[in-house]
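Trainee: Here it is, the structure in full.
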Amino acid sequence: MPNKLVSIVISAYNEQDNVGELYKRLKKNTQTIKGVDFEFIYVDDGSDDKTLANCQKLQKKDKNVKIVQLKRNFGHEIAMTAGMDYAKGDAVIFMDSDLQHPPVYIPQMVKLWQEGNEIVLTKRVDNKETSKLYKWCAKTFYYVLNLLSDTPVMDSAPDFRLIDRKYIDFLKGFNEQDRLFRGLLSWIMPHNKVAVIDFVAPERFSGTSKYNFIKSLRLAIDSVMQFSVLPLRLATVLGLLGVVFALVMGIYVFVEYFFLHNPTPGYATIMVTVVFLGAVQLVCLGIIGEYIGKIHMEVKKRPLYMADYIEQKDQKDA
């Protein structure tokens with residue numbers, strides 16, 4: 001009986017000092033797994049350093065190293081999508097190249113898959129590199145996300161996971177420009193029905209995180225809007241609160257003037273009302289605008305990415 005094939009998709013953006021060390025650790029942790037062959041698919045997400053060149057050096061030594069070179073930086077989710085599209089394995093493992101997704105857990109992931117678990121997730125119980133403030137922000141993010149989202153998402157679940165071919169083929173049917181894999185997987189199957197491995201994320205081997213505050217905030221907003229229309233309902237609620245506020249203010253002014261004979265200064269009343277209602281309108285328009293913007297991008301039906309697929313001495317446009 002032939003061995004099963006597992007594809008390991010590795011997202012890399014400006015990780016020139018990490019891709020080689022990651023390959024060493026991957027080989028060390030996969031060579032003892034019986035009944036399984038591996039291919040290593042490095043996805044260069046438009047790096048402007050020596051990431052691609054260092055991946056090609058690895059490829060010269062190992063024919064199982066494949067490279068997907070994106071023409072520009074399309075973002076982490078699209079990079080994983082590109083790797084998934086070219087993966088040939090019976091199962092696909094996704095991981096980042098910064099070594100904060102420890103390869104030492106891959107044998108356990110494969111074992112769970114061999115035992116019949118079609119999706120194996122990981123949960124980061126601690127991260128040695130992040131501050132207490134960052135951890136608090138992450139915890140708050142997942143709380144708000146699950147409060148607003150129609151699809152519960154497991155907290156502290158990074159993009160380090162194994163997915164069986166059946167679900168890989170299903171995921172390929174999603175053609176969304178904005179995508180969040182952890183949310184899509186929760187939509188497909190609740191996280192309490194899949195195998196989960198707890199792990200502690202070590203410090204990066206080299207380099208710095210590519211996610212700054214702005215990118216993290218953008219991810220948070222996108223995550224909520226991809227899986228919920230609750231913000232639109234919130235805009236309606238804010239509008240109704242504005243109406244109630246205006247009505248109460250009107251009653252208050254009427255009572256003050258006709259019954260208490262103590263007219264409220266008009267300037268202050270008008271300013272408070274205008275500022276409040278103006279703020280409510282801007283918030284509502286902003287929420288609606290976010291959704292309209294996403295519709296605008298989705299209806300274009302543009303290809304998700306442009307890439308070259310590189311095998312040993314073989315390159316073709318994709």
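Labels for the structure tokens follow display order: chains A, B, ..., residues from 1 in each chain, ligands from 1.
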Show which residues sit within 8 Å of A:Val68, as an NGL selection string. Count only C-alpha atoms, and ignore same-chain residues fewer than 5 positions away.

Mentor: :A and (41-44 or 82-83 or 307-310)

Trainee: Which residues, written as a short mmCIF file (atom, residue, chain, number, x, y, z; two decimals) with N, CA and C atoms, in the first residue's frame, have at least one atom at most 12 Å from stretch 195-201 of chain A, with only C-alpha atoms counted and residues fewer than 3 positions away on the same chain left out?

Mentor:
data_model
loop_
_atom_site.label_atom_id
_atom_site.label_comp_id
_atom_site.auth_asym_id
_atom_site.auth_seq_id
_atom_site.Cartn_x
_atom_site.Cartn_y
_atom_site.Cartn_z
N ASP A 96 3.24 29.04 9.70
CA ASP A 96 4.05 30.20 9.35
C ASP A 96 5.52 29.82 9.39
N ASP A 98 7.98 31.62 10.77
CA ASP A 98 8.76 32.32 11.80
C ASP A 98 9.15 31.43 12.97
N LEU A 99 8.80 30.13 12.89
CA LEU A 99 9.12 29.13 13.91
C LEU A 99 8.35 29.34 15.21
N GLN A 100 7.31 30.14 15.16
CA GLN A 100 6.41 30.22 16.30
C GLN A 100 5.32 29.16 16.24
N HIS A 101 5.29 28.43 15.12
CA HIS A 101 4.47 27.22 14.99
C HIS A 101 5.45 26.04 15.02
N PRO A 102 5.69 25.47 16.19
CA PRO A 102 6.77 24.49 16.36
C PRO A 102 6.54 23.20 15.55
N PRO A 103 7.48 22.84 14.67
CA PRO A 103 7.36 21.61 13.89
C PRO A 103 7.30 20.35 14.74
N VAL A 104 7.70 20.45 16.01
CA VAL A 104 7.72 19.28 16.88
C VAL A 104 6.31 18.72 17.07
N TYR A 105 5.28 19.51 16.81
CA TYR A 105 3.90 19.03 16.97
C TYR A 105 3.35 18.34 15.72
N ILE A 106 4.10 18.37 14.63
CA ILE A 106 3.60 17.78 13.40
C ILE A 106 3.37 16.26 13.52
N PRO A 107 4.28 15.49 14.14
CA PRO A 107 3.98 14.06 14.30
C PRO A 107 2.67 13.80 15.04
N GLN A 108 2.37 14.60 16.05
CA GLN A 108 1.12 14.44 16.78
C GLN A 108 -0.08 14.78 15.90
N MET A 109 0.05 15.81 15.08
CA MET A 109 -1.03 16.19 14.18
C MET A 109 -1.30 15.07 13.17
N VAL A 110 -0.24 14.51 12.62
CA VAL A 110 -0.39 13.43 11.64
C VAL A 110 -0.99 12.19 12.29
N LYS A 111 -0.57 11.90 13.50
CA LYS A 111 -1.10 10.73 14.21
C LYS A 111 -2.60 10.87 14.44
N LEU A 112 -3.03 12.06 14.85
CA LEU A 112 -4.46 12.29 15.05
C LEU A 112 -5.22 12.14 13.74
N TRP A 113 -4.61 12.61 12.65
CA TRP A 113 -5.23 12.47 11.33
C TRP A 113 -5.34 10.99 10.94
N GLU A 115 -5.67 8.60 12.84
CA GLU A 115 -6.67 7.97 13.70
C GLU A 115 -8.10 8.36 13.32
N GLY A 116 -8.23 9.21 12.30
CA GLY A 116 -9.56 9.54 11.79
C GLY A 116 -10.02 10.96 12.00
N ASN A 117 -9.20 11.81 12.59
CA ASN A 117 -9.56 13.21 12.76
C ASN A 117 -9.27 13.98 11.47
N GLU A 118 -10.30 14.49 10.83
CA GLU A 118 -10.14 15.12 9.52
C GLU A 118 -9.70 16.58 9.62
N ILE A 119 -9.90 17.19 10.76
CA ILE A 119 -9.39 18.55 11.01
C ILE A 119 -8.70 18.54 12.37
N VAL A 120 -7.46 19.00 12.39
CA VAL A 120 -6.70 19.09 13.65
C VAL A 120 -6.28 20.54 13.82
N LEU A 121 -6.77 21.19 14.85
CA LEU A 121 -6.43 22.57 15.13
C LEU A 121 -5.41 22.65 16.26
N THR A 122 -4.80 23.80 16.40
CA THR A 122 -3.91 24.04 17.54
C THR A 122 -4.42 25.25 18.30
N LYS A 123 -4.11 25.28 19.59
CA LYS A 123 -4.50 26.41 20.42
C LYS A 123 -3.26 26.91 21.16
N ARG A 124 -2.98 28.19 21.00
CA ARG A 124 -1.81 28.78 21.63
C ARG A 124 -2.17 29.18 23.06
N VAL A 125 -1.67 28.41 24.03
CA VAL A 125 -1.98 28.69 25.43
C VAL A 125 -1.09 29.77 26.01
N ASP A 126 0.03 30.04 25.33
CA ASP A 126 0.90 31.13 25.77
C ASP A 126 1.82 31.49 24.62
N ASN A 127 2.30 32.71 24.63
CA ASN A 127 3.23 33.19 23.61
C ASN A 127 4.35 33.93 24.32
N LYS A 128 5.56 33.38 24.25
CA LYS A 128 6.68 33.94 24.99
C LYS A 128 7.14 35.29 24.45
N GLU A 129 6.69 35.65 23.25
CA GLU A 129 7.18 36.87 22.62
C GLU A 129 6.28 38.07 22.87
N THR A 130 5.01 37.83 23.17
CA THR A 130 4.07 38.94 23.26
C THR A 130 3.95 39.47 24.68
N MET A 154 -12.84 29.73 17.82
CA MET A 154 -12.03 29.37 18.98
C MET A 154 -10.96 30.42 19.22
N ASP A 155 -10.82 30.85 20.46
CA ASP A 155 -9.83 31.87 20.76
C ASP A 155 -8.42 31.28 20.74
N SER A 156 -7.46 32.14 20.42
CA SER A 156 -6.03 31.77 20.41
C SER A 156 -5.74 30.60 19.48
N ALA A 157 -6.48 30.52 18.37
CA ALA A 157 -6.26 29.45 17.39
C ALA A 157 -5.50 30.02 16.20
N PRO A 158 -4.20 29.80 16.10
CA PRO A 158 -3.42 30.35 14.99
C PRO A 158 -3.63 29.54 13.71
N PHE A 160 -2.04 27.33 12.35
CA PHE A 160 -1.21 26.12 12.43
C PHE A 160 -2.17 24.96 12.61
N ARG A 161 -2.45 24.25 11.51
CA ARG A 161 -3.52 23.26 11.53
C ARG A 161 -3.32 22.22 10.44
N LEU A 162 -4.00 21.11 10.58
CA LEU A 162 -4.03 20.06 9.55
C LEU A 162 -5.46 19.90 9.07
N ILE A 163 -5.62 19.82 7.75
CA ILE A 163 -6.95 19.66 7.16
C ILE A 163 -6.91 18.52 6.14
N MET A 189 -17.29 23.31 10.51
CA MET A 189 -17.43 22.38 11.63
C MET A 189 -17.09 23.08 12.93
N PRO A 190 -17.98 23.06 13.92
CA PRO A 190 -17.70 23.71 15.21
C PRO A 190 -16.41 23.18 15.81
N HIS A 191 -15.64 24.09 16.45
CA HIS A 191 -14.33 23.70 16.94
C HIS A 191 -14.39 22.69 18.08
N ASN A 192 -15.56 22.54 18.71
CA ASN A 192 -15.67 21.54 19.77
C ASN A 192 -15.86 20.12 19.23
N ARG A 204 10.26 34.20 18.17
CA ARG A 204 10.68 34.08 16.77
C ARG A 204 12.16 33.74 16.70
N PHE A 205 12.52 32.92 15.71
CA PHE A 205 13.93 32.58 15.52
C PHE A 205 14.71 33.79 15.04
#

Trainee: With only C-alpha atoms as the basis for distance, which of A:Met225, A:Ser97, A:Tyr257, A:Lys60 is at the shortest distance from A:Arg25?

Mentor: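 Counting only C-alpha atoms, the residue closest to A:Arg25 is A:Ser97.
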
Trainee: Pick out the residues sitting within 6 Å of A:Thr51, and hand them over as a ChimeraX atom specification; count only C-alpha atoms, and ignore anything fewer than 5 positions along from it in its own chain.

Mentor: /A:14-16

Trainee: Give the alpha helix (DSSP H) residues of stretch 10-217 of chain A, as assigned by DSSP on the backbone, as a tab-separated table (two decimals) with C-alpha atoms, in the first residue's frame.

Mentor:
chain	number	residue	atom	x	y	z
A	19	VAL	CA	13.11	29.48	6.01
A	20	GLY	CA	16.32	27.43	6.20
A	21	GLU	CA	16.11	26.76	9.92
A	22	LEU	CA	12.45	25.83	9.58
A	23	TYR	CA	13.31	23.32	6.83
A	24	LYS	CA	15.90	21.64	9.09
A	25	ARG	CA	13.38	21.25	11.89
A	26	LEU	CA	10.68	20.04	9.52
A	27	LYS	CA	12.95	17.33	8.13
A	28	LYS	CA	13.96	16.29	11.64
A	29	ASN	CA	10.36	15.96	12.82
A	30	THR	CA	8.91	14.31	9.71
A	51	THR	CA	13.38	34.72	1.08
A	52	LEU	CA	12.80	33.41	-2.45
A	53	ALA	CA	16.51	32.85	-3.13
A	54	ASN	CA	16.92	30.92	0.12
A	55	CYS	CA	13.89	28.77	-0.70
A	56	GLN	CA	15.41	27.98	-4.10
A	57	LYS	CA	18.61	26.88	-2.36
A	58	LEU	CA	16.56	24.41	-0.34
A	59	GLN	CA	14.86	23.22	-3.50
A	60	LYS	CA	18.19	22.37	-5.13
A	61	LYS	CA	18.87	19.95	-2.26
A	76	HIS	CA	-1.44	36.01	4.76
A	77	GLU	CA	-4.87	34.49	4.04
A	78	ILE	CA	-4.35	34.63	0.27
A	79	ALA	CA	-0.85	33.16	0.66
A	80	MET	CA	-2.36	30.17	2.46
A	81	THR	CA	-5.00	29.92	-0.27
A	82	ALA	CA	-2.32	29.82	-2.97
A	83	GLY	CA	-0.43	27.09	-1.14
A	84	MET	CA	-3.64	25.13	-0.68
A	85	ASP	CA	-4.41	25.37	-4.40
A	86	TYR	CA	-1.08	23.76	-5.33
A	106	ILE	CA	3.60	17.78	13.40
A	107	PRO	CA	3.98	14.06	14.30
A	108	GLN	CA	1.12	14.44	16.78
A	109	MET	CA	-1.03	16.19	14.18
A	110	VAL	CA	-0.39	13.43	11.64
A	111	LYS	CA	-1.10	10.73	14.21
A	112	LEU	CA	-4.46	12.29	15.05
A	113	TRP	CA	-5.23	12.47	11.33
A	114	GLN	CA	-4.31	8.81	10.85
A	132	LYS	CA	0.63	41.23	28.62
A	133	LEU	CA	-1.07	44.13	26.83
A	134	TYR	CA	-1.04	42.25	23.51
A	135	LYS	CA	-2.43	39.12	25.18
A	136	TRP	CA	-5.20	41.18	26.77
A	137	CYS	CA	-6.01	42.77	23.40
A	138	ALA	CA	-6.12	39.33	21.74
A	139	LYS	CA	-8.43	37.99	24.43
A	140	THR	CA	-10.67	41.02	24.05
A	141	PHE	CA	-10.67	40.60	20.27
A	142	TYR	CA	-11.97	37.04	20.46
A	143	TYR	CA	-14.55	38.01	23.07
A	144	VAL	CA	-15.92	40.80	20.87
A	145	LEU	CA	-15.71	38.64	17.74
A	146	ASN	CA	-17.75	35.85	19.30
A	147	LEU	CA	-20.17	38.36	20.81
A	148	LEU	CA	-20.92	39.88	17.40
A	165	ARG	CA	-8.21	16.51	1.53
A	166	LYS	CA	-12.02	16.28	1.69
A	167	TYR	CA	-12.21	19.63	3.45
A	168	ILE	CA	-9.41	21.14	1.37
A	169	ASP	CA	-11.46	20.50	-1.77
A	170	PHE	CA	-14.50	22.02	-0.06
A	171	LEU	CA	-12.54	25.13	0.97
A	181	PHE	CA	-9.59	30.56	7.50
A	182	ARG	CA	-10.20	30.08	11.20
A	183	GLY	CA	-13.71	31.49	10.73
A	184	LEU	CA	-14.40	29.39	7.62
A	185	LEU	CA	-13.35	26.24	9.44
A	186	SER	CA	-15.63	27.10	12.37
A	187	TRP	CA	-18.43	27.65	9.85
A	188	ILE	CA	-17.76	24.22	8.32
A	213	PHE	CA	-1.49	47.64	15.33
A	214	ILE	CA	-3.17	48.91	12.15
A	215	LYS	CA	-3.07	45.49	10.45
A	216	SER	CA	-4.36	43.81	13.58
A	217	LEU	CA	-7.23	46.31	13.84

Trainee: Can you measure atom CA of A:Gly286 to atom CA of A:Leu230 for me? One decimal in Å is fine.

Mentor: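 That distance, rounded to one decimal, is 14.0 Å.
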